[in-house]
file model.txt (compact mmCIF, C-alpha atoms)
# COMPACT_ATOMS: atom_id res chain seq x y z
CA MET A 1 -9.81 8.23 -10.09
CA ASP A 2 -6.86 6.08 -9.03
CA PHE A 3 -5.83 7.06 -5.48
CA ASN A 4 -2.13 7.19 -6.37
CA VAL A 5 -2.89 9.62 -9.19
CA GLU A 6 -4.99 11.72 -6.79
CA LEU A 7 -2.19 11.64 -4.22
CA ASN A 8 0.41 12.82 -6.73
CA ARG A 9 -1.80 15.71 -7.75
CA TYR A 10 -2.51 16.66 -4.16
CA LEU A 11 1.16 16.55 -3.11
CA SER A 12 2.30 18.62 -6.10
CA MET A 13 -0.26 21.31 -5.26
CA THR A 14 0.19 21.34 -1.48
CA PHE A 15 3.70 20.09 -0.69
CA SER A 16 5.61 20.94 -3.84
CA ASN A 17 9.00 19.19 -4.13
CA LEU A 18 8.45 17.20 -0.92
CA GLU A 19 9.00 13.47 -1.34
CA LEU A 20 7.41 10.94 0.97
CA LYS A 21 10.69 9.57 2.25
CA LYS A 22 12.90 9.65 5.32
CA PRO A 23 13.92 11.99 6.86
CA LEU A 24 10.64 13.81 6.20
CA PHE A 25 11.19 16.47 8.87
CA TYR A 26 14.51 17.63 7.38
CA ASN A 27 13.05 17.80 3.89
CA ALA A 28 10.02 19.91 4.82
CA LEU A 29 9.64 23.63 5.49
CA ILE A 30 7.22 23.34 8.42
CA GLY A 31 7.23 20.43 10.82
CA ILE A 32 7.90 18.99 14.26
CA ARG A 33 9.92 15.94 15.23
CA PHE A 34 8.62 14.26 18.39
CA GLU A 35 10.47 11.73 20.52
CA LEU A 36 8.55 8.56 21.41
CA GLY A 37 10.56 6.15 23.52
CA ALA A 38 12.88 8.70 25.10
CA ASN A 39 15.48 7.13 27.39
CA LEU A 40 13.31 4.54 29.11
CA SER A 41 15.35 1.38 29.63
CA ASP A 42 12.46 -0.89 30.64
CA PHE A 43 11.19 -2.35 27.36
CA ASN A 44 7.54 -2.72 28.34
CA LYS A 45 7.31 0.77 29.83
CA ARG A 46 9.09 2.19 26.82
CA MET A 47 6.66 0.58 24.36
CA GLU A 48 3.68 1.73 26.44
CA GLN A 49 5.00 5.26 26.13
CA VAL A 50 5.57 4.85 22.39
CA TYR A 51 1.96 3.70 21.92
CA TYR A 52 0.57 6.48 24.11
CA ARG A 53 2.52 9.31 22.53
CA THR A 54 1.91 8.14 18.96
CA SER A 55 -1.82 7.74 19.47
CA THR A 56 -2.14 11.03 21.38
CA LEU A 57 -0.33 13.02 18.71
CA PHE A 58 -2.28 11.39 15.91
CA ARG A 59 -5.65 12.01 17.57
CA LYS A 60 -4.78 15.62 18.30
CA LEU A 61 -3.89 16.17 14.65
CA ASN A 62 -6.49 14.07 12.83
CA GLU A 63 -10.25 14.16 13.46
CA ASN A 64 -12.50 11.21 12.66
CA ASN A 65 -14.19 12.93 9.70
CA HIS A 66 -10.94 14.07 8.08
CA GLU A 67 -10.07 12.62 4.69
CA ILE A 68 -6.70 10.91 4.56
CA TYR A 69 -4.47 9.03 2.17
CA LEU A 70 -2.99 5.99 3.90
CA VAL A 71 0.27 5.43 2.00
CA VAL A 72 2.59 2.42 2.31
CA PHE A 73 5.90 1.91 0.49
CA LEU A 74 7.32 -1.58 0.00
CA ASP A 75 10.78 -2.30 -1.41
CA SER A 76 11.47 -5.50 -3.30
CA TRP A 77 14.67 -7.35 -4.18
CA ASP A 78 15.42 -10.42 -6.28
CA ASP A 79 15.48 -12.66 -3.21
CA GLU A 80 12.37 -11.03 -1.72
CA PRO A 81 9.71 -10.72 -4.43
CA ILE A 82 7.01 -8.11 -4.07
CA SER A 83 4.28 -10.75 -4.35
CA GLU A 84 5.16 -12.17 -0.92
CA ASN A 85 5.33 -8.82 0.86
CA GLU A 86 2.23 -7.54 -0.92
CA SER A 87 0.15 -10.45 0.34
CA LEU A 88 1.47 -9.86 3.84
CA LEU A 89 0.69 -6.14 3.65
CA LEU A 90 -2.87 -6.64 2.42
CA ASN A 91 -3.54 -9.23 5.12
CA TYR A 92 -2.30 -6.77 7.74
CA LEU A 93 -4.42 -3.96 6.31
CA LYS A 94 -7.56 -6.08 6.48
CA LYS A 95 -7.21 -6.10 10.26
CA TYR A 96 -7.37 -2.32 10.49
CA VAL A 97 -9.60 -1.19 7.58
CA ASP A 98 -13.30 -1.36 8.43
CA SER A 99 -14.70 -2.79 5.19
CA GLU A 100 -13.92 -5.17 2.35
CA GLU A 101 -15.22 -2.53 -0.05
CA LEU A 102 -12.47 -0.12 0.96
CA MET A 103 -9.83 -2.85 0.76
CA GLY A 104 -10.86 -3.41 -2.86
CA LYS A 105 -9.95 0.19 -3.62
CA VAL A 106 -6.31 0.02 -2.54
CA SER A 107 -4.22 1.45 -5.38
CA LYS A 108 -0.78 0.12 -6.35
CA LEU A 109 1.93 2.05 -8.22
CA LYS A 110 5.52 1.19 -9.08
CA VAL A 111 7.74 4.15 -8.19
CA PRO A 112 11.50 4.83 -8.32
CA TYR A 113 13.54 3.50 -5.42
CA ARG A 114 13.69 6.39 -2.94
CA TYR A 115 17.17 5.80 -1.52
CA PRO A 116 19.49 5.13 -4.48
CA ASP A 117 23.11 4.31 -3.77
CA LEU A 118 25.56 4.48 -6.65
CA ASP A 119 27.59 1.65 -5.09
CA ASP A 120 24.57 -0.59 -4.65
CA ASP A 121 24.55 -3.49 -7.14
CA PHE A 122 21.17 -4.81 -6.03
CA LYS A 123 18.17 -4.27 -8.24
CA THR A 124 15.58 -2.67 -6.00
CA GLU A 125 11.97 -2.04 -6.93
CA THR A 126 9.55 0.05 -4.91
CA TYR A 127 5.76 -0.11 -4.89
CA ARG A 128 3.44 2.44 -3.33
CA TYR A 129 0.05 1.36 -1.99
CA CYS A 130 -2.54 4.04 -1.37
CA LEU A 131 -6.00 4.09 0.17
CA LYS A 132 -8.16 7.21 0.45
CA CYS A 133 -10.67 7.10 3.31
CA LYS A 134 -11.83 8.84 6.48
CA VAL A 135 -9.86 8.57 9.70
CA ASP A 136 -12.68 6.62 11.33
CA ASN A 137 -12.48 3.97 8.59
CA ILE A 138 -9.21 2.84 10.19
CA ASP A 139 -8.61 1.27 13.61
CA ILE A 140 -5.89 3.83 14.18
CA SER A 141 -4.78 2.91 17.70
CA LYS A 142 -4.13 -0.71 16.78
CA LEU A 143 -2.51 0.23 13.47
CA LEU A 144 -0.12 2.63 15.21
CA GLU A 145 0.81 -0.07 17.72
CA ALA A 146 1.55 -2.49 14.88
CA LEU A 147 3.67 0.13 13.14
CA ALA A 148 5.76 0.65 16.26
CA ASN A 149 6.07 -3.09 16.83
CA GLN A 150 7.60 -3.74 13.42
CA TYR A 151 10.74 -1.86 14.47
CA VAL A 152 11.28 -3.94 17.60
CA GLY A 153 10.24 -7.33 16.23
CA ILE A 154 7.13 -8.04 18.27
CA GLN A 155 3.53 -8.87 17.36
CA PRO A 156 1.07 -7.70 16.20
CA SER A 157 3.19 -6.09 13.54
CA PHE A 158 2.97 -4.31 10.20
CA ILE A 159 5.17 -3.98 7.14
CA GLY A 160 6.42 -1.10 5.02
CA ASP A 161 7.10 2.62 5.36
CA VAL A 162 3.79 4.32 6.23
CA TYR A 163 2.60 7.91 5.79
CA VAL A 164 -0.78 9.39 6.69
CA VAL A 165 -1.47 12.35 4.42
CA ASN A 166 -4.41 14.40 5.69
CA SER A 167 -5.99 16.32 2.81
CA THR A 168 -8.50 18.04 5.12
CA ASN A 169 -5.98 19.94 7.25
CA ASN A 170 -2.96 19.52 4.92
CA THR A 171 -0.64 17.62 7.23
CA ILE A 172 1.52 14.49 7.01
CA PHE A 173 2.08 12.09 9.91
CA HIS A 174 5.03 9.69 9.71
CA MET A 175 6.43 7.37 12.37
CA TYR A 176 9.97 6.94 11.08
CA ASP A 177 10.63 4.17 13.61
CA ASP A 178 9.90 3.40 17.27
CA ARG A 179 12.04 6.36 18.32
CA GLY A 180 10.08 9.19 16.76
CA VAL A 181 7.34 10.78 14.68
CA ASP A 182 7.52 13.55 12.09
CA VAL A 183 4.51 15.86 11.70
CA ILE A 184 4.58 18.06 8.60
CA SER A 185 2.14 20.85 7.79
CA TYR A 186 1.32 23.26 4.98
CA ARG A 187 0.69 26.02 7.55
CA LYS A 188 2.42 26.36 10.91
CA GLU A 189 -0.84 27.49 12.54
CA THR A 190 -2.29 24.02 11.93
CA ILE A 191 0.25 22.32 14.20
CA LYS A 192 1.00 25.15 16.60
CA GLU A 193 -1.16 23.55 19.31
CA LEU A 194 0.87 20.36 18.99
CA TYR A 195 4.00 22.45 19.46
CA LYS A 196 2.57 24.09 22.58
CA ASP A 197 0.74 21.15 24.17
CA PHE A 198 3.46 18.54 23.66
CA ASN A 199 6.53 20.73 23.77
CA ASP A 200 8.31 18.46 26.22
CA TRP A 201 8.01 15.57 23.72
CA ILE A 202 9.95 17.46 21.04
CA LEU A 203 13.27 15.86 20.14
CA ASP A 204 15.89 18.08 21.79
CA TYR A 205 18.36 17.53 18.97
CA ASP A 206 16.04 19.47 16.63
CA ARG A 207 14.48 21.80 19.18
CA GLU A 208 16.34 24.91 18.03
CA LYS A 209 15.14 24.48 14.46
CA ILE A 210 11.58 23.70 15.56
CA ASP A 211 11.47 26.69 17.95
CA SER A 212 12.55 28.95 15.11
CA ILE A 213 9.54 27.83 13.04
CA PHE A 214 7.06 28.75 15.77
CA GLN A 215 8.77 31.75 17.29
CA ILE A 216 6.51 34.73 17.99
CA ASP A 217 7.00 37.56 15.51
call {"tool": "encode", "arguments": {"input": "model.txt", "output": "structure tokens"}}
result
Amino acid sequence: MDFNVELNRYLSMTFSNLELKKPLFYNALIGIRFELGANLSDFNKRMEQVYYRTSTLFRKLNENNHEIYLVVFLDSWDDEPISENESLLLNYLKKYVDSEELMGKVSKLKVPYRYPDLDDDFKTETYRYCLKCKVDNIDISKLLEALANQYVGIQPSFIGDVYVVNSTNNTIFHMYDDRGVDVISYRKETIKELYKDFNDWILDYDREKIDSIFQID
């Protein structure tokens, strides 16, 4: 079956009415928003912290044998055709996916633009690329670094808006930019350890809401 079709079916059954779009945390019932860079002013130290926190959170949430959907959204405009960005995306993916066979299974689907603006005269098209695999099919640490780098303009970089949908433990991991990560779950028990173990990484702005999700009955 086409991975995008599988993904749609999975999302409708598990995360009904939740769109894969920013801000994911505010659109979900159960989730945590973690801060990555915090207030570090030194660029190198800040990026080291971003890499460390992102990788640590991901590894705590996702085990190597878990099945995931790696989902990437690309927007296209008249002056920036999808063909150019698609080639760039696939070349990036080849660096982090462990086999050519898996790369040949990447599914592509045209979807509605996720952030419509009634005053926007530009014709925007959005394409969703999806790969179903195991966590250990991906060089996750390097991929996460590249994702963070795209927001600060350094190499190695990536392209697109990326979501990791874990169909084994029913969670979604989304780095919305180099400032933070949203972790969404079907059940609060699944991510309660993240809440406890990395409580000091939680974004203070949303702490009250997050605390209310995990408060002891």
call {"tool": "closest_residue", "arguments": {"input": "model.txt", "among": "A:Asp98, A:Glu19, A:Asp197, A:Asp206", "to": "A:Lys134", "atoms": "only C-alpha atoms"}}
result
A:Asp98
call {"tool": "closest_residue", "arguments": {"input": "model.txt", "among": "A:Met175, A:Leu102, A:Ile210, A:Leu89", "to": "A:Val162", "atoms": "all atoms listed in the file"}}
result
A:Met175
call {"tool": "residues_around", "arguments": {"input": "model.txt", "residues": "A:Ile184", "least_positions_apart": "5", "cutoff": "6 Å", "atoms": "all atoms listed in the file", "output": "PyMOL selection string"}}
result
chain A and resi 30-31+171-172
call {"tool": "residues_near_point", "arguments": {"input": "model.txt", "point": "(-4.7, -1.1, -1.6)", "cutoff": "6 Å", "atoms": "all atoms listed in the file", "output": "count of residues only"}}
result
7
call {"tool": "residues_around", "arguments": {"input": "model.txt", "residues": "A:Phe34", "least_positions_apart": "3", "cutoff": "6 Å", "atoms": "only C-alpha atoms", "output": "list of chain:residue names"}}
result
A:Gly180, A:Val181, A:Trp201, A:Ile202, A:Leu203
call {"tool": "residues_around", "arguments": {"input": "model.txt", "residues": "A:Ile140", "least_positions_apart": "3", "cutoff": "9 Å", "atoms": "only C-alpha atoms", "output": "mmCIF file with C-alpha atoms, in the frame of the given file"}}
result
data_model
loop_
_atom_site.group_PDB
_atom_site.id
_atom_site.type_symbol
_atom_site.label_atom_id
_atom_site.label_comp_id
_atom_site.auth_asym_id
_atom_site.auth_seq_id
_atom_site.Cartn_x
_atom_site.Cartn_y
_atom_site.Cartn_z
ATOM 1 C CA SER A 55 -1.820 7.740 19.470
ATOM 2 C CA PHE A 58 -2.280 11.390 15.910
ATOM 3 C CA ARG A 59 -5.650 12.010 17.570
ATOM 4 C CA TYR A 96 -7.370 -2.320 10.490
ATOM 5 C CA VAL A 135 -9.860 8.570 9.700
ATOM 6 C CA ASP A 136 -12.680 6.620 11.330
ATOM 7 C CA ASN A 137 -12.480 3.970 8.590
ATOM 8 C CA LEU A 143 -2.510 0.230 13.470
ATOM 9 C CA LEU A 144 -0.120 2.630 15.210
ATOM 10 C CA GLU A 145 0.810 -0.070 17.720
#
call {"tool": "residues_near_point", "arguments": {"input": "model.txt", "point": "(-0.5, 21.7, 8.6)", "cutoff": "6 Å", "atoms": "only C-alpha atoms", "output": "list in words"}}
result
Asn169, Asn170, Thr171, Ser185, Tyr186, Arg187, Lys188, Thr190 and Ile191 of chain A
call {"tool": "atom_distance", "arguments": {"input": "model.txt", "atom1": "atom CA of A:Lys22", "atom2": "atom CA of A:Tyr69"}}
result
17.7 Å
call {"tool": "atom_distance", "arguments": {"input": "model.txt", "atom1": "atom CA of A:Asp204", "atom2": "atom CA of A:Gln150"}}
result
24.8 Å
call {"tool": "atom_distance", "arguments": {"input": "model.txt", "atom1": "atom CA of A:Glu101", "atom2": "atom CA of A:Ala146"}}
result
22.5 Å
call {"tool": "closest_residue", "arguments": {"input": "model.txt", "among": "A:Asp211, A:Glu35, A:Glu6, A:Asp75", "to": "A:Gln49", "atoms": "all atoms listed in the file"}}
result
A:Glu35
call {"tool": "closest_residue", "arguments": {"input": "model.txt", "among": "A:Thr126, A:Ser12, A:Asn65, A:Thr54", "to": "A:Pro81", "atoms": "all atoms listed in the file"}}
result
A:Thr126
call {"tool": "closest_residue", "arguments": {"input": "model.txt", "among": "A:His174, A:Lys110, A:Lys142, A:Arg128", "to": "A:Tyr92", "atoms": "all atoms listed in the file"}}
result
A:Lys142
call {"tool": "closest_residue", "arguments": {"input": "model.txt", "among": "A:Phe173, A:Phe73, A:Ile32, A:Ser167", "to": "A:Lys196", "atoms": "all atoms listed in the file"}}
result
A:Ile32
call {"tool": "residues_around", "arguments": {"input": "model.txt", "residues": "A:Thr168", "least_positions_apart": "6", "cutoff": "10 Å", "atoms": "all atoms listed in the file", "output": "list in words"}}
result
Asn62, Glu63, Asn65, His66, Glu67, Ile68 and Lys134 of chain A
call {"tool": "build_atoms", "arguments": {"input": "model.txt", "residues": "stretch 20-31 of chain A", "atoms": "all heavy atoms", "output": "PDB file, in the frame of the given file"}}
result
ATOM      1  N   LEU A  20       7.757  11.756  -0.185  1.00  0.00           N
ATOM      2  CA  LEU A  20       7.410  10.940   0.970  1.00  0.00           C
ATOM      3  C   LEU A  20       8.549   9.951   1.186  1.00  0.00           C
ATOM      4  O   LEU A  20       8.558   8.832   0.679  1.00  0.00           O
ATOM      5  CB  LEU A  20       6.085  10.203   0.722  1.00  0.00           C
ATOM      6  CG  LEU A  20       4.845  11.088   0.572  1.00  0.00           C
ATOM      7  CD1 LEU A  20       3.601  10.220   0.375  1.00  0.00           C
ATOM      8  CD2 LEU A  20       4.661  12.011   1.768  1.00  0.00           C
ATOM      9  N   LYS A  21       9.525  10.386   1.955  1.00  0.00           N
ATOM     10  CA  LYS A  21      10.690   9.570   2.250  1.00  0.00           C
ATOM     11  C   LYS A  21      11.358  10.101   3.510  1.00  0.00           C
ATOM     12  O   LYS A  21      11.161  11.253   3.903  1.00  0.00           O
ATOM     13  CB  LYS A  21      11.691   9.572   1.075  1.00  0.00           C
ATOM     14  CG  LYS A  21      12.249  10.950   0.741  1.00  0.00           C
ATOM     15  CD  LYS A  21      13.182  10.915  -0.450  1.00  0.00           C
ATOM     16  CE  LYS A  21      14.507  10.285  -0.121  1.00  0.00           C
ATOM     17  NZ  LYS A  21      15.495  10.418  -1.223  1.00  0.00           N
ATOM     18  N   LYS A  22      12.133   9.248   4.150  1.00  0.00           N
ATOM     19  CA  LYS A  22      12.900   9.650   5.320  1.00  0.00           C
ATOM     20  C   LYS A  22      14.140  10.434   4.883  1.00  0.00           C
ATOM     21  O   LYS A  22      14.719  10.117   3.845  1.00  0.00           O
ATOM     22  CB  LYS A  22      13.317   8.417   6.111  1.00  0.00           C
ATOM     23  CG  LYS A  22      12.153   7.541   6.565  1.00  0.00           C
ATOM     24  CD  LYS A  22      12.672   6.269   7.217  1.00  0.00           C
ATOM     25  CE  LYS A  22      11.526   5.327   7.561  1.00  0.00           C
ATOM     26  NZ  LYS A  22      11.975   4.078   8.173  1.00  0.00           N
ATOM     27  N   PRO A  23      14.559  11.433   5.665  1.00  0.00           N
ATOM     28  CA  PRO A  23      13.920  11.990   6.860  1.00  0.00           C
ATOM     29  C   PRO A  23      12.940  13.103   6.460  1.00  0.00           C
ATOM     30  O   PRO A  23      13.353  14.167   5.990  1.00  0.00           O
ATOM     31  CB  PRO A  23      15.101  12.559   7.641  1.00  0.00           C
ATOM     32  CG  PRO A  23      16.096  12.960   6.574  1.00  0.00           C
ATOM     33  CD  PRO A  23      15.901  12.009   5.421  1.00  0.00           C
ATOM     34  N   LEU A  24      11.675  12.883   6.654  1.00  0.00           N
ATOM     35  CA  LEU A  24      10.640  13.810   6.200  1.00  0.00           C
ATOM     36  C   LEU A  24      10.802  15.179   6.852  1.00  0.00           C
ATOM     37  O   LEU A  24      10.661  16.215   6.191  1.00  0.00           O
ATOM     38  CB  LEU A  24       9.269  13.218   6.512  1.00  0.00           C
ATOM     39  CG  LEU A  24       8.073  13.894   5.837  1.00  0.00           C
ATOM     40  CD1 LEU A  24       8.136  13.716   4.328  1.00  0.00           C
ATOM     41  CD2 LEU A  24       6.766  13.332   6.381  1.00  0.00           C
ATOM     42  N   PHE A  25      11.081  15.204   8.144  1.00  0.00           N
ATOM     43  CA  PHE A  25      11.190  16.470   8.870  1.00  0.00           C
ATOM     44  C   PHE A  25      12.256  17.376   8.260  1.00  0.00           C
ATOM     45  O   PHE A  25      12.051  18.580   8.086  1.00  0.00           O
ATOM     46  CB  PHE A  25      11.516  16.214  10.346  1.00  0.00           C
ATOM     47  CG  PHE A  25      11.882  17.449  11.120  1.00  0.00           C
ATOM     48  CD1 PHE A  25      10.910  18.356  11.506  1.00  0.00           C
ATOM     49  CD2 PHE A  25      13.213  17.716  11.442  1.00  0.00           C
ATOM     50  CE1 PHE A  25      11.258  19.517  12.203  1.00  0.00           C
ATOM     51  CE2 PHE A  25      13.561  18.855  12.142  1.00  0.00           C
ATOM     52  CZ  PHE A  25      12.584  19.758  12.533  1.00  0.00           C
ATOM     53  N   TYR A  26      13.404  16.814   7.903  1.00  0.00           N
ATOM     54  CA  TYR A  26      14.510  17.630   7.380  1.00  0.00           C
ATOM     55  C   TYR A  26      14.274  18.087   5.945  1.00  0.00           C
ATOM     56  O   TYR A  26      14.938  19.006   5.459  1.00  0.00           O
ATOM     57  CB  TYR A  26      15.824  16.856   7.472  1.00  0.00           C
ATOM     58  CG  TYR A  26      16.223  16.529   8.886  1.00  0.00           C
ATOM     59  CD1 TYR A  26      16.361  15.215   9.308  1.00  0.00           C
ATOM     60  CD2 TYR A  26      16.437  17.535   9.817  1.00  0.00           C
ATOM     61  CE1 TYR A  26      16.716  14.906  10.610  1.00  0.00           C
ATOM     62  CE2 TYR A  26      16.791  17.243  11.118  1.00  0.00           C
ATOM     63  CZ  TYR A  26      16.932  15.927  11.516  1.00  0.00           C
ATOM     64  OH  TYR A  26      17.276  15.637  12.808  1.00  0.00           O
ATOM     65  N   ASN A  27      13.338  17.443   5.274  1.00  0.00           N
ATOM     66  CA  ASN A  27      13.050  17.800   3.890  1.00  0.00           C
ATOM     67  C   ASN A  27      11.876  18.755   3.746  1.00  0.00           C
ATOM     68  O   ASN A  27      11.559  19.189   2.632  1.00  0.00           O
ATOM     69  CB  ASN A  27      12.771  16.538   3.064  1.00  0.00           C
ATOM     70  CG  ASN A  27      13.975  15.617   2.993  1.00  0.00           C
ATOM     71  OD1 ASN A  27      15.110  16.068   3.007  1.00  0.00           O
ATOM     72  ND2 ASN A  27      13.726  14.313   2.942  1.00  0.00           N
ATOM     73  N   ALA A  28      11.219  19.074   4.851  1.00  0.00           N
ATOM     74  CA  ALA A  28      10.020  19.910   4.820  1.00  0.00           C
ATOM     75  C   ALA A  28      10.319  21.305   5.379  1.00  0.00           C
ATOM     76  O   ALA A  28      11.254  21.504   6.155  1.00  0.00           O
ATOM     77  CB  ALA A  28       8.897  19.263   5.609  1.00  0.00           C
ATOM     78  N   LEU A  29       9.482  22.258   5.003  1.00  0.00           N
ATOM     79  CA  LEU A  29       9.640  23.630   5.490  1.00  0.00           C
ATOM     80  C   LEU A  29       9.053  23.811   6.884  1.00  0.00           C
ATOM     81  O   LEU A  29       9.602  24.544   7.707  1.00  0.00           O
ATOM     82  CB  LEU A  29       8.969  24.610   4.526  1.00  0.00           C
ATOM     83  CG  LEU A  29       9.578  24.711   3.124  1.00  0.00           C
ATOM     84  CD1 LEU A  29       8.745  25.645   2.249  1.00  0.00           C
ATOM     85  CD2 LEU A  29      11.020  25.201   3.201  1.00  0.00           C
ATOM     86  N   ILE A  30       7.916  23.165   7.148  1.00  0.00           N
ATOM     87  CA  ILE A  30       7.220  23.340   8.420  1.00  0.00           C
ATOM     88  C   ILE A  30       6.943  21.961   9.015  1.00  0.00           C
ATOM     89  O   ILE A  30       6.291  21.122   8.387  1.00  0.00           O
ATOM     90  CB  ILE A  30       5.873  24.075   8.220  1.00  0.00           C
ATOM     91  CG1 ILE A  30       6.111  25.469   7.622  1.00  0.00           C
ATOM     92  CG2 ILE A  30       5.117  24.183   9.543  1.00  0.00           C
ATOM     93  CD1 ILE A  30       4.828  26.154   7.184  1.00  0.00           C
ATOM     94  N   GLY A  31       7.454  21.732  10.207  1.00  0.00           N
ATOM     95  CA  GLY A  31       7.230  20.430  10.820  1.00  0.00           C
ATOM     96  C   GLY A  31       7.754  20.365  12.236  1.00  0.00           C
ATOM     97  O   GLY A  31       8.428  21.274  12.729  1.00  0.00           O
TER      98      GLY A  31
END
